[in-house]
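Undergrad: The structure file work33.cif (mmCIF, N, CA and C atoms) is provided below.
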data_start
#
loop_
_atom_site.label_atom_id
_atom_site.label_comp_id
_atom_site.auth_asym_id
_atom_site.auth_seq_id
_atom_site.Cartn_x
_atom_site.Cartn_y
_atom_site.Cartn_z
N MET Q 1 27.30 152.49 269.42
CA MET Q 1 28.14 151.50 268.78
C MET Q 1 28.27 151.85 267.30
N THR Q 2 29.45 151.66 266.79
CA THR Q 2 29.67 151.93 265.37
C THR Q 2 30.53 150.84 264.77
N GLY Q 3 30.57 150.80 263.44
CA GLY Q 3 31.42 149.87 262.72
C GLY Q 3 30.98 148.43 262.88
N PHE Q 4 31.95 147.54 262.76
CA PHE Q 4 31.67 146.11 262.82
C PHE Q 4 31.10 145.70 264.17
N ARG Q 5 31.57 146.37 265.21
CA ARG Q 5 31.10 146.04 266.57
C ARG Q 5 29.59 146.20 266.70
N ALA Q 6 29.01 147.14 265.98
CA ALA Q 6 27.57 147.36 266.02
C ALA Q 6 26.81 146.26 265.29
N ARG Q 7 27.49 145.55 264.41
CA ARG Q 7 26.83 144.49 263.65
C ARG Q 7 26.94 143.11 264.30
N VAL Q 8 27.78 142.96 265.31
CA VAL Q 8 28.00 141.66 265.94
C VAL Q 8 26.71 141.08 266.52
N PRO Q 9 25.89 141.83 267.28
CA PRO Q 9 24.64 141.24 267.77
C PRO Q 9 23.73 140.73 266.65
N GLY Q 10 23.68 141.45 265.56
CA GLY Q 10 22.87 141.01 264.43
C GLY Q 10 23.40 139.73 263.80
N LEU Q 11 24.72 139.63 263.69
CA LEU Q 11 25.31 138.42 263.13
C LEU Q 11 25.12 137.22 264.05
N VAL Q 12 25.24 137.45 265.36
CA VAL Q 12 24.99 136.37 266.32
C VAL Q 12 23.53 135.92 266.24
N ALA Q 13 22.62 136.88 266.14
CA ALA Q 13 21.20 136.55 266.01
C ALA Q 13 20.94 135.77 264.73
N LEU Q 14 21.62 136.13 263.66
CA LEU Q 14 21.47 135.41 262.40
C LEU Q 14 21.93 133.97 262.54
N VAL Q 15 23.03 133.75 263.24
CA VAL Q 15 23.51 132.39 263.49
C VAL Q 15 22.48 131.61 264.32
N ILE Q 16 21.89 132.26 265.32
CA ILE Q 16 20.86 131.60 266.14
C ILE Q 16 19.68 131.19 265.28
N LEU Q 17 19.26 132.06 264.37
CA LEU Q 17 18.13 131.75 263.50
C LEU Q 17 18.46 130.61 262.54
N VAL Q 18 19.67 130.60 261.98
CA VAL Q 18 20.06 129.52 261.07
C VAL Q 18 20.09 128.18 261.82
N ILE Q 19 20.64 128.18 263.02
CA ILE Q 19 20.66 126.95 263.82
C ILE Q 19 19.24 126.55 264.18
N GLY Q 20 18.39 127.52 264.52
CA GLY Q 20 16.99 127.22 264.86
C GLY Q 20 16.23 126.61 263.71
N VAL Q 21 16.50 127.07 262.49
CA VAL Q 21 15.85 126.49 261.31
C VAL Q 21 16.40 125.11 261.03
N TRP Q 22 17.68 124.91 261.25
CA TRP Q 22 18.34 123.64 260.95
C TRP Q 22 17.96 122.55 261.95
N LEU Q 23 17.78 122.90 263.22
CA LEU Q 23 17.46 121.90 264.24
C LEU Q 23 16.06 121.34 264.05
N PRO Q 24 15.90 120.03 264.31
CA PRO Q 24 14.54 119.49 264.29
C PRO Q 24 13.74 120.01 265.48
N GLY Q 25 12.46 120.20 265.30
CA GLY Q 25 11.61 120.75 266.35
C GLY Q 25 11.51 119.88 267.59
N GLU Q 26 11.73 118.59 267.45
CA GLU Q 26 11.64 117.69 268.61
C GLU Q 26 12.97 117.53 269.34
N GLY Q 27 13.99 118.22 268.88
CA GLY Q 27 15.30 118.16 269.52
C GLY Q 27 16.20 117.16 268.84
N VAL Q 28 17.42 117.07 269.31
CA VAL Q 28 18.40 116.16 268.70
C VAL Q 28 18.58 114.87 269.48
N GLY Q 29 17.88 114.71 270.57
CA GLY Q 29 17.91 113.44 271.30
C GLY Q 29 18.82 113.41 272.51
N PHE Q 30 19.52 114.47 272.80
CA PHE Q 30 20.37 114.52 273.98
C PHE Q 30 20.35 115.93 274.53
N THR Q 31 20.73 116.08 275.80
CA THR Q 31 20.73 117.39 276.43
C THR Q 31 22.15 117.92 276.56
N ILE Q 32 22.29 119.22 276.45
CA ILE Q 32 23.60 119.85 276.68
C ILE Q 32 23.55 120.74 277.91
N CYS Q 33 22.45 120.70 278.64
CA CYS Q 33 22.28 121.54 279.81
C CYS Q 33 23.05 120.96 281.00
N LEU Q 34 24.04 121.70 281.46
CA LEU Q 34 24.84 121.22 282.59
C LEU Q 34 24.03 121.17 283.88
N ALA Q 35 23.11 122.12 284.07
CA ALA Q 35 22.27 122.11 285.27
C ALA Q 35 21.40 120.85 285.32
N TYR Q 36 20.81 120.50 284.18
CA TYR Q 36 19.96 119.32 284.15
C TYR Q 36 20.78 118.04 284.30
N MET Q 37 21.96 118.01 283.68
CA MET Q 37 22.79 116.81 283.77
C MET Q 37 23.33 116.60 285.18
N THR Q 38 23.65 117.68 285.90
CA THR Q 38 24.24 117.52 287.23
C THR Q 38 23.20 117.45 288.34
N MET Q 39 22.14 118.27 288.25
CA MET Q 39 21.16 118.32 289.33
C MET Q 39 19.83 117.66 289.00
N GLY Q 40 19.58 117.42 287.72
CA GLY Q 40 18.32 116.81 287.32
C GLY Q 40 17.15 117.77 287.31
N ILE Q 41 17.43 119.08 287.43
CA ILE Q 41 16.38 120.10 287.43
C ILE Q 41 16.62 121.00 286.23
N PRO Q 42 15.59 121.29 285.45
CA PRO Q 42 15.79 122.13 284.26
C PRO Q 42 16.14 123.57 284.63
N CYS Q 43 17.01 124.15 283.84
CA CYS Q 43 17.39 125.55 284.03
C CYS Q 43 16.42 126.44 283.24
N PRO Q 44 16.53 127.77 283.33
CA PRO Q 44 15.63 128.64 282.57
C PRO Q 44 15.73 128.45 281.06
N GLY Q 45 16.84 127.97 280.58
CA GLY Q 45 17.01 127.79 279.14
C GLY Q 45 16.65 126.42 278.62
N CYS Q 46 16.31 125.49 279.49
CA CYS Q 46 15.97 124.14 279.03
C CYS Q 46 14.77 124.19 278.09
N GLY Q 47 14.93 123.60 276.93
CA GLY Q 47 13.87 123.58 275.93
C GLY Q 47 13.85 124.80 275.04
N LEU Q 48 14.76 125.74 275.28
CA LEU Q 48 14.74 126.99 274.52
C LEU Q 48 15.08 126.77 273.05
N SER Q 49 16.08 125.95 272.76
CA SER Q 49 16.43 125.73 271.35
C SER Q 49 15.30 125.00 270.63
N ARG Q 50 14.67 124.03 271.28
CA ARG Q 50 13.53 123.35 270.66
C ARG Q 50 12.36 124.31 270.47
N SER Q 51 12.18 125.21 271.43
CA SER Q 51 11.11 126.19 271.34
C SER Q 51 11.34 127.17 270.19
N VAL Q 52 12.58 127.64 270.02
CA VAL Q 52 12.90 128.53 268.91
C VAL Q 52 12.73 127.79 267.59
N ALA Q 53 13.19 126.54 267.52
CA ALA Q 53 13.04 125.76 266.29
C ALA Q 53 11.57 125.58 265.93
N ASN Q 54 10.73 125.27 266.91
CA ASN Q 54 9.31 125.11 266.64
C ASN Q 54 8.66 126.43 266.26
N THR Q 55 9.09 127.53 266.87
CA THR Q 55 8.57 128.85 266.50
C THR Q 55 8.89 129.16 265.05
N LEU Q 56 10.12 128.90 264.64
CA LEU Q 56 10.52 129.18 263.26
C LEU Q 56 9.84 128.24 262.27
N GLU Q 57 9.42 127.07 262.73
CA GLU Q 57 8.67 126.14 261.88
C GLU Q 57 7.18 126.48 261.86
N GLY Q 58 6.75 127.40 262.74
CA GLY Q 58 5.36 127.81 262.77
C GLY Q 58 4.49 127.04 263.74
N ASP Q 59 5.08 126.18 264.56
CA ASP Q 59 4.32 125.38 265.51
C ASP Q 59 4.36 126.06 266.89
N LEU Q 60 3.57 127.12 267.03
CA LEU Q 60 3.60 127.93 268.25
C LEU Q 60 3.15 127.17 269.50
N PRO Q 61 2.09 126.34 269.46
CA PRO Q 61 1.71 125.60 270.68
C PRO Q 61 2.84 124.70 271.20
N GLN Q 62 3.50 124.01 270.28
CA GLN Q 62 4.61 123.13 270.70
C GLN Q 62 5.78 123.97 271.21
N ALA Q 63 6.01 125.12 270.59
CA ALA Q 63 7.09 126.01 271.04
C ALA Q 63 6.82 126.48 272.46
N LEU Q 64 5.59 126.85 272.75
CA LEU Q 64 5.24 127.29 274.10
C LEU Q 64 5.33 126.15 275.10
N TRP Q 65 5.09 124.94 274.66
CA TRP Q 65 5.20 123.78 275.54
C TRP Q 65 6.65 123.56 275.97
N TYR Q 66 7.57 123.67 275.03
CA TYR Q 66 8.98 123.45 275.38
C TYR Q 66 9.53 124.56 276.27
N ASN Q 67 9.26 125.80 275.92
CA ASN Q 67 9.73 126.92 276.74
C ASN Q 67 8.98 128.18 276.28
N PRO Q 68 8.23 128.82 277.17
CA PRO Q 68 7.44 129.98 276.77
C PRO Q 68 8.26 131.17 276.27
N MET Q 69 9.55 131.22 276.55
CA MET Q 69 10.36 132.33 276.08
C MET Q 69 10.88 132.12 274.66
N GLY Q 70 10.71 130.95 274.10
CA GLY Q 70 11.21 130.66 272.75
C GLY Q 70 10.69 131.60 271.69
N PRO Q 71 9.37 131.84 271.61
CA PRO Q 71 8.88 132.78 270.61
C PRO Q 71 9.42 134.20 270.80
N VAL Q 72 9.61 134.60 272.04
CA VAL Q 72 10.17 135.93 272.32
C VAL Q 72 11.62 135.99 271.83
N VAL Q 73 12.39 134.96 272.13
CA VAL Q 73 13.79 134.91 271.69
C VAL Q 73 13.86 134.90 270.16
N ALA Q 74 12.97 134.15 269.52
CA ALA Q 74 12.96 134.11 268.05
C ALA Q 74 12.64 135.48 267.47
N LEU Q 75 11.67 136.17 268.05
CA LEU Q 75 11.30 137.51 267.57
C LEU Q 75 12.45 138.49 267.74
N VAL Q 76 13.07 138.48 268.90
CA VAL Q 76 14.21 139.37 269.16
C VAL Q 76 15.36 139.03 268.21
N ALA Q 77 15.59 137.74 267.97
CA ALA Q 77 16.66 137.33 267.06
C ALA Q 77 16.39 137.83 265.65
N VAL Q 78 15.13 137.78 265.21
CA VAL Q 78 14.79 138.30 263.87
C VAL Q 78 15.07 139.79 263.80
N VAL Q 79 14.65 140.54 264.82
CA VAL Q 79 14.88 141.99 264.82
C VAL Q 79 16.38 142.29 264.78
N PHE Q 80 17.16 141.61 265.60
CA PHE Q 80 18.59 141.87 265.62
C PHE Q 80 19.29 141.37 264.37
N ALA Q 81 18.80 140.28 263.77
CA ALA Q 81 19.40 139.78 262.53
C ALA Q 81 19.22 140.79 261.40
N VAL Q 82 18.09 141.47 261.39
CA VAL Q 82 17.85 142.50 260.38
C VAL Q 82 18.88 143.63 260.52
N THR Q 83 19.29 143.92 261.75
CA THR Q 83 20.26 145.01 261.95
C THR Q 83 21.61 144.70 261.33
N ALA Q 84 21.91 143.43 261.10
CA ALA Q 84 23.20 143.08 260.49
C ALA Q 84 23.29 143.58 259.06
N PHE Q 85 22.14 143.86 258.44
CA PHE Q 85 22.12 144.27 257.04
C PHE Q 85 21.70 145.72 256.83
N LEU Q 86 21.51 146.46 257.93
CA LEU Q 86 21.12 147.87 257.81
C LEU Q 86 22.31 148.72 257.38
N PRO Q 87 22.05 149.79 256.64
CA PRO Q 87 23.13 150.75 256.37
C PRO Q 87 23.62 151.38 257.68
N GLN Q 88 24.82 151.88 257.68
CA GLN Q 88 25.45 152.39 258.90
C GLN Q 88 24.60 153.45 259.60
N ALA Q 89 24.02 154.39 258.86
CA ALA Q 89 23.22 155.46 259.49
C ALA Q 89 21.99 154.87 260.19
N ARG Q 90 21.32 153.93 259.54
CA ARG Q 90 20.15 153.30 260.15
C ARG Q 90 20.55 152.45 261.36
N LEU Q 91 21.69 151.81 261.26
CA LEU Q 91 22.17 150.96 262.35
C LEU Q 91 22.43 151.81 263.60
N GLU Q 92 23.06 152.96 263.42
CA GLU Q 92 23.32 153.84 264.56
C GLU Q 92 22.03 154.36 265.17
N SER Q 93 21.05 154.69 264.33
CA SER Q 93 19.77 155.16 264.88
C SER Q 93 19.02 154.03 265.57
N PHE Q 94 19.19 152.79 265.09
CA PHE Q 94 18.57 151.65 265.77
C PHE Q 94 19.11 151.50 267.19
N TRP Q 95 20.44 151.61 267.34
CA TRP Q 95 21.02 151.45 268.67
C TRP Q 95 20.61 152.58 269.60
N VAL Q 96 20.46 153.79 269.07
CA VAL Q 96 19.97 154.92 269.89
C VAL Q 96 18.54 154.64 270.32
N TRP Q 97 17.70 154.18 269.37
CA TRP Q 97 16.30 153.86 269.68
C TRP Q 97 16.21 152.73 270.70
N GLN Q 98 17.01 151.70 270.51
CA GLN Q 98 16.98 150.55 271.42
C GLN Q 98 17.38 150.98 272.82
N GLY Q 99 18.39 151.83 272.97
CA GLY Q 99 18.81 152.31 274.28
C GLY Q 99 17.74 153.15 274.94
N ALA Q 100 17.11 154.03 274.17
CA ALA Q 100 16.04 154.86 274.73
C ALA Q 100 14.84 154.02 275.12
N LEU Q 101 14.51 153.02 274.31
CA LEU Q 101 13.38 152.13 274.62
C LEU Q 101 13.64 151.39 275.92
N TYR Q 102 14.85 150.90 276.09
CA TYR Q 102 15.17 150.16 277.31
C TYR Q 102 15.03 151.05 278.54
N LYS Q 103 15.50 152.29 278.45
CA LYS Q 103 15.41 153.19 279.61
C LYS Q 103 13.96 153.51 279.96
N ARG Q 104 13.12 153.71 278.94
CA ARG Q 104 11.71 154.03 279.20
C ARG Q 104 10.91 152.80 279.62
N ARG Q 105 11.28 151.66 279.15
CA ARG Q 105 10.49 150.46 279.38
C ARG Q 105 11.15 149.49 280.36
N LYS Q 106 12.03 150.00 281.19
CA LYS Q 106 12.75 149.13 282.11
C LYS Q 106 11.81 148.33 283.00
N LEU Q 107 10.73 148.94 283.45
CA LEU Q 107 9.77 148.22 284.28
C LEU Q 107 9.15 147.05 283.53
N ALA Q 108 8.81 147.26 282.27
CA ALA Q 108 8.22 146.18 281.47
C ALA Q 108 9.25 145.07 281.26
N PHE Q 109 10.48 145.43 280.93
CA PHE Q 109 11.51 144.42 280.75
C PHE Q 109 11.75 143.65 282.05
N ASP Q 110 11.84 144.37 283.16
CA ASP Q 110 12.04 143.72 284.45
C ASP Q 110 10.88 142.80 284.80
N SER Q 111 9.66 143.22 284.49
CA SER Q 111 8.49 142.40 284.78
C SER Q 111 8.54 141.09 284.01
N VAL Q 112 8.89 141.16 282.74
CA VAL Q 112 9.00 139.94 281.93
C VAL Q 112 10.11 139.06 282.49
N PHE Q 113 11.23 139.66 282.83
CA PHE Q 113 12.36 138.90 283.34
C PHE Q 113 12.01 138.18 284.64
N TYR Q 114 11.42 138.90 285.59
CA TYR Q 114 11.09 138.28 286.88
C TYR Q 114 9.94 137.28 286.76
N THR Q 115 9.02 137.51 285.85
CA THR Q 115 7.97 136.52 285.61
C THR Q 115 8.58 135.24 285.07
N TYR Q 116 9.53 135.38 284.17
CA TYR Q 116 10.21 134.20 283.61
C TYR Q 116 11.00 133.47 284.68
N LEU Q 117 11.66 134.22 285.57
CA LEU Q 117 12.37 133.56 286.66
C LEU Q 117 11.41 132.82 287.59
N ALA Q 118 10.27 133.42 287.87
CA ALA Q 118 9.27 132.75 288.72
C ALA Q 118 8.76 131.49 288.04
N PHE Q 119 8.49 131.58 286.74
CA PHE Q 119 8.06 130.39 285.99
C PHE Q 119 9.11 129.30 286.08
N THR Q 120 10.37 129.68 285.93
CA THR Q 120 11.45 128.70 286.00
C THR Q 120 11.51 128.05 287.37
N GLY Q 121 11.31 128.83 288.42
CA GLY Q 121 11.30 128.27 289.76
C GLY Q 121 10.17 127.28 289.96
N VAL Q 122 8.99 127.61 289.49
CA VAL Q 122 7.85 126.70 289.60
C VAL Q 122 8.11 125.44 288.78
N ARG Q 123 8.61 125.62 287.56
CA ARG Q 123 8.91 124.46 286.71
C ARG Q 123 9.95 123.57 287.36
N GLY Q 124 10.99 124.17 287.93
CA GLY Q 124 12.02 123.38 288.59
C GLY Q 124 11.51 122.65 289.81
N ALA Q 125 10.68 123.33 290.61
CA ALA Q 125 10.12 122.69 291.81
C ALA Q 125 9.21 121.53 291.43
N LEU Q 126 8.36 121.73 290.44
CA LEU Q 126 7.45 120.66 290.03
C LEU Q 126 8.20 119.51 289.37
N SER Q 127 9.25 119.83 288.62
CA SER Q 127 9.99 118.76 287.97
C SER Q 127 10.79 117.94 288.97
N ALA Q 128 11.14 118.54 290.10
CA ALA Q 128 11.86 117.79 291.12
C ALA Q 128 11.00 116.66 291.67
N PHE Q 129 9.69 116.82 291.59
CA PHE Q 129 8.76 115.79 292.06
C PHE Q 129 8.11 115.03 290.90
N ASP Q 130 8.67 115.17 289.70
CA ASP Q 130 8.16 114.51 288.50
C ASP Q 130 6.70 114.82 288.24
N VAL Q 131 6.26 116.02 288.59
CA VAL Q 131 4.89 116.43 288.35
C VAL Q 131 4.74 117.03 286.96
N TRP Q 132 5.78 117.69 286.46
CA TRP Q 132 5.71 118.42 285.20
C TRP Q 132 6.91 118.05 284.34
N PRO Q 133 6.83 116.99 283.55
CA PRO Q 133 7.98 116.59 282.72
C PRO Q 133 8.10 117.46 281.48
N TRP Q 134 8.42 118.75 281.68
CA TRP Q 134 8.45 119.76 280.63
C TRP Q 134 9.45 119.42 279.52
N TRP Q 135 10.59 118.93 279.87
CA TRP Q 135 11.70 118.79 278.94
C TRP Q 135 11.72 117.46 278.22
N SER Q 136 10.80 116.57 278.51
CA SER Q 136 10.85 115.24 277.90
C SER Q 136 10.25 115.22 276.53
#
Would you write the structure of this file as C-alpha coordinates?

TA:
Amino acid sequence: MTGFRARVPGLVALVILVIGVWLPGEGVGFTICLAYMTMGIPCPGCGLSRSVANTLEGDLPQALWYNPMGPVVALVAVVFAVTAFLPQARLESFWVWQGALYKRRKLAFDSVFYTYLAFTGVRGALSAFDVWPWWS
(Lines of atoms letter the chains of each structure in order from A and count residues from 1; the text may use other names and numbers.)
(Lines give C-alpha, C1' and ligand atoms only; values in the text may rest on other atoms or scores of the structure.)
Protein backbone atom coordinates (compact mmCIF):
# COMPACT_ATOMS: atom_id res chain seq x y z
CA MET A 1 0.00 0.00 0.00
CA THR A 2 1.21 3.46 -0.80
CA GLY A 3 0.05 7.05 -0.55
CA PHE A 4 -3.05 8.12 1.33
CA ARG A 5 -4.55 4.65 1.09
CA ALA A 6 -1.75 3.32 3.31
CA ARG A 7 -2.61 5.90 5.97
CA VAL A 8 -6.36 5.16 6.16
CA PRO A 9 -6.07 2.32 8.74
CA GLY A 10 -3.98 4.58 10.96
CA LEU A 11 -6.47 7.42 10.68
CA VAL A 12 -9.37 5.09 11.46
CA ALA A 13 -7.46 3.77 14.48
CA LEU A 14 -6.83 7.35 15.60
CA VAL A 15 -10.58 8.06 15.42
CA ILE A 16 -11.24 4.90 17.48
CA LEU A 17 -8.77 6.06 20.12
CA VAL A 18 -10.25 9.57 20.28
CA ILE A 19 -13.75 8.14 20.69
CA GLY A 20 -12.43 5.68 23.29
CA VAL A 21 -10.91 8.50 25.32
CA TRP A 22 -14.05 10.62 24.97
CA LEU A 23 -16.51 7.89 26.00
CA PRO A 24 -17.17 7.34 29.70
CA GLY A 25 -15.85 4.01 30.95
CA GLU A 26 -19.27 2.91 32.18
CA GLY A 27 -20.89 3.47 28.79
CA VAL A 28 -23.42 5.99 27.56
CA GLY A 29 -26.50 4.29 28.97
CA PHE A 30 -27.93 2.65 25.85
CA THR A 31 -26.94 -0.14 23.48
CA ILE A 32 -26.36 0.12 19.74
CA CYS A 33 -25.89 -3.62 19.25
CA LEU A 34 -28.49 -4.91 16.81
CA ALA A 35 -27.90 -8.53 17.87
CA TYR A 36 -28.58 -7.71 21.51
CA MET A 37 -31.60 -5.53 20.69
CA THR A 38 -33.22 -8.15 18.46
CA MET A 39 -32.22 -11.46 20.08
CA GLY A 40 -31.27 -10.43 23.60
CA ILE A 41 -27.92 -12.23 23.31
CA PRO A 42 -24.65 -10.28 23.28
CA CYS A 43 -22.55 -10.39 20.13
CA PRO A 44 -18.72 -10.69 20.12
CA GLY A 45 -18.43 -6.90 20.15
CA CYS A 46 -20.80 -6.21 23.05
CA GLY A 47 -18.93 -4.21 25.66
CA LEU A 48 -16.00 -3.58 23.34
CA SER A 49 -16.28 0.21 23.30
CA ARG A 50 -16.59 0.31 27.11
CA SER A 51 -13.63 -2.06 27.34
CA VAL A 52 -11.48 0.13 25.07
CA ALA A 53 -12.52 3.24 27.01
CA ASN A 54 -11.57 1.60 30.32
CA THR A 55 -8.28 0.38 28.86
CA LEU A 56 -7.40 3.90 27.74
CA GLU A 57 -8.35 5.20 31.19
CA GLY A 58 -6.02 2.62 32.76
CA ASP A 59 -8.71 0.49 34.41
CA LEU A 60 -7.65 -2.90 33.04
CA PRO A 61 -9.75 -5.13 35.38
CA GLN A 62 -12.94 -3.28 34.41
CA ALA A 63 -11.90 -3.37 30.74
CA LEU A 64 -11.49 -7.15 30.92
CA TRP A 65 -14.87 -7.44 32.63
CA TYR A 66 -16.67 -5.67 29.79
CA ASN A 67 -14.90 -7.52 26.98
CA PRO A 68 -11.53 -9.34 27.12
CA MET A 69 -10.64 -8.21 23.59
CA GLY A 70 -10.81 -4.50 24.49
CA PRO A 71 -7.18 -4.17 25.61
CA VAL A 72 -6.05 -6.01 22.48
CA VAL A 73 -8.12 -3.71 20.25
CA ALA A 74 -6.75 -0.66 22.08
CA LEU A 75 -3.16 -1.86 21.62
CA VAL A 76 -3.67 -2.59 17.93
CA ALA A 77 -5.37 0.80 17.50
CA VAL A 78 -2.38 2.55 19.09
CA VAL A 79 0.05 0.73 16.78
CA PHE A 80 -2.00 1.57 13.69
CA ALA A 81 -2.59 5.17 14.81
CA VAL A 82 1.17 5.66 14.97
CA THR A 83 1.39 4.56 11.32
CA ALA A 84 -0.72 7.56 10.31
CA PHE A 85 2.23 9.80 11.20
CA LEU A 86 5.12 7.72 9.85
CA PRO A 87 7.17 8.98 6.91
CA GLN A 88 6.31 7.26 3.62
CA ALA A 89 9.40 4.99 3.60
CA ARG A 90 8.74 3.77 7.15
CA LEU A 91 5.05 3.32 6.39
CA GLU A 92 5.80 1.06 3.42
CA SER A 93 8.22 -1.02 5.49
CA PHE A 94 5.58 -1.30 8.24
CA TRP A 95 3.07 -2.78 5.80
CA VAL A 96 5.68 -5.23 4.47
CA TRP A 97 6.53 -6.24 8.07
CA GLN A 98 2.87 -6.56 9.02
CA GLY A 99 2.16 -8.80 6.00
CA ALA A 100 5.15 -11.02 6.73
CA LEU A 101 4.21 -11.24 10.41
CA TYR A 102 0.68 -12.31 9.54
CA LYS A 103 1.91 -15.06 7.20
CA ARG A 104 4.34 -16.43 9.80
CA ARG A 105 1.99 -16.09 12.74
CA LYS A 106 -1.26 -17.18 11.12
CA LEU A 107 -1.66 -20.02 13.60
CA ALA A 108 -1.32 -17.63 16.54
CA PHE A 109 -3.79 -15.18 15.01
CA ASP A 110 -6.23 -17.99 14.24
CA SER A 111 -5.89 -19.35 17.79
CA VAL A 112 -6.75 -15.98 19.30
CA PHE A 113 -9.64 -15.55 16.89
CA TYR A 114 -11.17 -18.97 17.56
CA THR A 115 -10.64 -18.64 21.31
CA TYR A 116 -12.51 -15.35 21.19
CA LEU A 117 -15.31 -16.94 19.20
CA ALA A 118 -15.54 -19.76 21.75
CA PHE A 119 -15.64 -17.22 24.58
CA THR A 120 -18.42 -15.39 22.78
CA GLY A 121 -20.40 -18.60 22.40
CA VAL A 122 -20.06 -19.42 26.10
CA ARG A 123 -20.97 -15.85 27.06
CA GLY A 124 -24.00 -15.92 24.78
CA ALA A 125 -25.18 -19.31 26.06
CA LEU A 126 -24.81 -18.26 29.70
CA SER A 127 -26.46 -14.91 29.11
CA ALA A 128 -29.44 -16.63 27.52
CA PHE A 129 -30.10 -18.14 30.95
CA ASP A 130 -29.23 -14.93 32.85
CA VAL A 131 -26.26 -16.66 34.45
CA TRP A 132 -23.64 -14.14 33.30
CA PRO A 133 -24.92 -10.55 32.97
CA TRP A 134 -21.71 -9.43 31.24
CA TRP A 135 -23.09 -6.37 29.49
CA SER A 136 -25.04 -4.82 32.36

Undergrad: Which residues come within 8 Å of region 4-18 of chain Q, counting all atoms listed in the file, excluding same-chain residues fewer than 3 positions away, as a VMD selection string?

TA: chain Q and resid 1 21 to 23 52 74 76 to 85 91 to 92

Undergrad: Pull the alpha helix (DSSP H) assignments for region 34-123 of chain Q out of DSSP run on the backbone, and list those residues as a ChimeraX atom specification.

TA: /Q:34-39,48-57,60-66,70-83,88-104,106-123

Undergrad: Run the PyMOL selection byres (((chain Q and resi 32 and name CA) around 12) and name CA) against the file shown and list the residues it catches, as number ranges by chain.

TA: Q: 27-31, 33-38, 42-43, 45-49

Undergrad: Determine the nearest neighbour of Leu56 (chain Q) from the options Q:Pro68, Q:Gly20, Q:Val122, Q:Gly40, counting only C-alpha atoms.

TA: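 Distance minimum relative to Leu56 (chain Q) lands on Q:Gly20.
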
Undergrad: Enter the distance from atom N of Asn67 (chain Q) to CA of Ser51 (chain Q), in Å, rounded to one decimal.

TA: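 These two atoms are separated by 5.0 Å.
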
Undergrad: Between CA of Asp59 (chain Q) and CA of Asp110 (chain Q), measure the distance and give it in Å to one decimal.

TA: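 Calculated distance between CA of Asp59 (chain Q) and CA of Asp110 (chain Q) is 27.5 Å.
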
Undergrad: Between atom N of Tyr116 (chain Q) and atom N of Phe94 (chain Q), what is the distance in Å, rounded to a tenth?

TA: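 Result for atom N of Tyr116 (chain Q) versus atom N of Phe94 (chain Q): 27.6 Å, one decimal.
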